[in-house]
Amino acid sequence: MLSIWAIASRLYASPLLPGPDHVTRALASSVRDGSLSWALATTLGRLAIGYVLALVFGVVFGFLCAKVAWIGSSLGRALTGLGSVPSVCWLPLAILWFGLSETAIQVVVVLGALVPIAIATEASVRHVPSELEQVGRTMGARGIVLLATITLPAAAVGIVAGAKLGFGFAVRALLAAELVFVSGGLGQLLETGRDMGDTALVASVIVVLLVIGQLVEWALFSRVERALVRRFGGAPA
Amino acid sequence: MLLRVSEVTLSHGGKPVIANASFELSRGEVVAIVGRSGVGKSTLLAALAGLLAPARGTIFTRHGKLAAPTPRHAIVFQDGALFPWLTLEDNVHYALVRHGVPRGERKARCKELIARVRLAGHEKKFPHELSGGMKKRGAFARALAMEPEVILLDEPFSALDVATRQELQSELFALFASRGTAVVIVTHDLEEAAALADRVLVLDGTPATITHEVVVRGDPAAIAKLEKALQLPEEDSDADLEARDSDRDLALDLGDRVAALR
């Protein structure tokens with residue numbers, strides 16, 4: 001892929017398509033002047049806070065939609081509709097509510113990632129075989145014990161799939177918010193590259209985003225998925 | 001008397017499924033519930049486990065009215081319902097924790113229970129790594145960990161080959177008999193009911209009622225009585241008759257083996 005990219009950039013020979021060597025130089029330059037590390041730290045910090053909040057609220061909300069009839073039939077149905085709203089659409093509202101602040105960006109990230117996590121959690125909890133919970137109840141498991149020791153582990157495969165999907169949504173929502181609402185981060189670095197016509201800088205930020213995605217997949221999701229496959233059976237992802 | 005079901009009516013979504021069911025269960029007794037598919041056999045079993053509250057009537061235990069699930073009434077489902085995220089050992093361990101077995105005793109009890117169902121050496125396997133018969137043995141080990149007075153079996157031997165089924169039945173029912181555990185088994189297989197049970201309750205109608213209560217232990221005509229009670233068609237082809245005779249011989253043989261073990 002790298003070779004195809006290098007050949008294409010040589011053949012096209014235009015600043016609009018920088019080759020791997022140009023992108024590497026742009027990357028090294030932004031590391032040297034500190035702009036990349038600052039943007040990276042800002043984006044990762046926002047992502048970590050927003051994603052963890054979305055994960056916690058999404059799992060809790062999805063669980064409530066599955067287990068509490070009136071929540072499921074009212075708010076649960078709205079989830080599907082909310083899922084079709086692009087998360088960046090929340091930004092103007094978030095700015096009106098919270099001003100030009102970190103909170104406004106976090107609201108967009110949380111709303112972007114929460115919906116797929118909640119939908120996946122709701123579906124997974126609903127599909128937990130009733131026999132597992134019934135066996136647990138005859139063994140004296142009730143309330144929070146039943147939830148923590150049977151329902152949530154039984155729904156783990158679907159919840160992890162939702163968490164993985166939610167991470168992608170969180171990254172997209174955050175980058176969109178950072179592009180629109182200039183406040184530091186990789187999104188702003190992308191915007192700076194566009195303003196300066198620096199395609200190598202834009203491409204280098206895209207490379208960094210790809211690396212982040214691969215690292216999170218390797219260090220977190222693929223490990224969790226392998227552990228689940230070992231326990232539940234099925235083909236490795 | 002371990003269990004007394006008194007004029008119990010069970011409903012699903014406001015619609016009665018079982019009406020006015022009454023029977024008793026004594027220590028060490030085996031009662032089978034038979035009836036057509038969808039008649040409400042499993043619903044009745046769920047009520048005996050305390051998982052479904054009667055719309056009318058009462059289920060009494062030695063300890064009073066049955067109002068909620070209790071560890072004294074263990075249930076084993078058709079597929080075993082082992083927790084798929086736990087190893088066999090951890091499934092049994094979970095039951096021991098819930099049963100309040102002291103920490104220091106759990107490991108030895110776990111090992112003993114797994115050995116009792118002849119699964120020693122498979123402790124670290126997850127349910128998906130066990131065969132159908134092994135999963136069921138594991139489910140029985142987990143149920144026995146609760147030291148139940150009554151064990152409720154929801155078609156636990158279906159989908160097993162004849163040899164595995166008979167081996168499992170004779171071993172497990174001997175184990176229940178040695179502990180004095182009463183058993184209620186739901187089955188659609190009349191031969192199985194006649195071979196394993198002391199009494200058979202026949203459910204029929206809409207809503208279902210207990211139309212017959214047949215004492216089958218030691219009765220060579222038990223299967224014919226059950227067929228009559230269920231009003232099964234009498235005109236069978238030669239092939240059907242041969243197959244049924246073969247099943248009946250196997251069932252009677254199994255009944256003899258279980259009776260001998262008791």
# chains A, B, ... in the order shown; residues from 1 in each chain; ligands from 1
$ select_by_dssp --residues "region 63-158 of chain A" --states "alpha helix (DSSP H)" --output "PyMOL selection string"
chain A and resi 63-67+69-71+77-83+90-98+102-126+130-138+143-146+152-154+156-158
$ interface_residues --of "chain B" --to "chain A" --cutoff "8 Å" --atoms "only C-alpha atoms" --output "ChimeraX atom specification"
/B:49-51,69-71,73-77,81-87,95,98-99,126-129,146
$ residues_around --residues "region 35-40 of chain A" --least-positions-apart "4" --cutoff "6 Å" --atoms "only C-alpha atoms" --output "VMD selection string"
chain A and resid 30 to 31 44 184 to 186
$ closest_residue --among "B:Glu191, B:Ala47, B:Asp204, B:Ile151" --to "Phe173 (chain B)" --atoms "only C-alpha atoms"
B:Ile151
$ residues_around --residues "Thr43 (chain A)" --least-positions-apart "6" --cutoff "12 Å" --atoms "only C-alpha atoms" --output "JSON, numbers by chain"
{"A": [36, 37, 49, 50, 51, 102, 105, 106, 109, 170, 171, 172, 173, 174, 175, 176, 177, 178, 179, 183, 184, 185, 186, 187, 188, 189, 205, 208, 209, 212]}
$ closest_atom_pairs --of "region 11-33 of chain B" --to "region 216-225 of chain B" --cutoff "12 Å" --atoms "only C-alpha atoms" --output "JSON lines"
{"residue": "B:Glu29", "atom": "CA", "partner": "B:Arg217", "partner_atom": "CA", "distance": 10.7}
{"residue": "B:Val30", "atom": "CA", "partner": "B:Arg217", "partner_atom": "CA", "distance": 9.7}
{"residue": "B:Val31", "atom": "CA", "partner": "B:Val216", "partner_atom": "CA", "distance": 9.8}
{"residue": "B:Ala32", "atom": "CA", "partner": "B:Val216", "partner_atom": "CA", "distance": 9.9}
$ atom_distance --atom1 "CA of Leu152 (chain B)" --atom2 "CA of Gly40 (chain B)"
14.7 Å
$ atom_distance --atom1 "CA of Ser178 (chain B)" --atom2 "CA of Arg27 (chain B)"
11.3 Å
$ select_by_dssp --residues "region 27-219 of chain B" --states "strand (DSSP E or B)" --output "ChimeraX atom specification"
/B:30-35,56-61,64-65,73-76,150-154,182-186,199-204,208-215
$ atom_distance --atom1 "CA of Val68 (chain A)" --atom2 "CA of Glu122 (chain A)"
10.7 Å
$ residues_around --residues "Arg142 (chain B)" --least-positions-apart "3" --cutoff "9 Å" --atoms "only C-alpha atoms" --output "ChimeraX atom specification"
/B:82,88,91-96,110,113-114,137-139,145-146
$ residues_around --residues "region 7-24 of chain A" --least-positions-apart "4" --cutoff "10 Å" --atoms "only C-alpha atoms" --output "PDB file with C-alpha atoms, in the first residue's frame"
ATOM      1  CA  MET A   1       0.000   0.000   0.000  1.00  0.00           C
ATOM      2  CA  LEU A   2       2.878   2.273   0.930  1.00  0.00           C
ATOM      3  CA  SER A   3       4.562   1.429  -2.416  1.00  0.00           C
ATOM      4  CA  ALA A  28       8.895  15.036  11.974  1.00  0.00           C
ATOM      5  CA  SER A  29       8.603  18.807  11.691  1.00  0.00           C
ATOM      6  CA  SER A  30       5.362  18.939  13.696  1.00  0.00           C
ATOM      7  CA  GLY A 197      -2.515  24.406   1.715  1.00  0.00           C
ATOM      8  CA  ASP A 198      -0.110  22.030   3.461  1.00  0.00           C
ATOM      9  CA  THR A 199      -1.360  18.635   2.219  1.00  0.00           C
ATOM     10  CA  ALA A 200       1.614  16.871   3.803  1.00  0.00           C
ATOM     11  CA  LEU A 201       0.534  18.155   7.251  1.00  0.00           C
ATOM     12  CA  VAL A 202      -3.080  17.081   6.609  1.00  0.00           C
ATOM     13  CA  ALA A 203      -1.912  13.628   5.494  1.00  0.00           C
ATOM     14  CA  SER A 204       0.415  13.325   8.499  1.00  0.00           C
ATOM     15  CA  VAL A 205      -2.509  13.987  10.894  1.00  0.00           C
ATOM     16  CA  VAL A 207      -1.632   8.911   9.502  1.00  0.00           C
TER      17      VAL A 207
END
$ residues_around --residues "region 71-87 of chain A" --least-positions-apart "5" --cutoff "12 Å" --atoms "only C-alpha atoms" --output "PyMOL selection string"
chain A and resi 58+60-66+92-94+105-123+125-126+166+168-177
$ closest_residue --among "A:Arg32, A:Arg194, A:Arg46, A:Arg226" --to "Ala104 (chain A)" --atoms "only C-alpha atoms"
A:Arg46
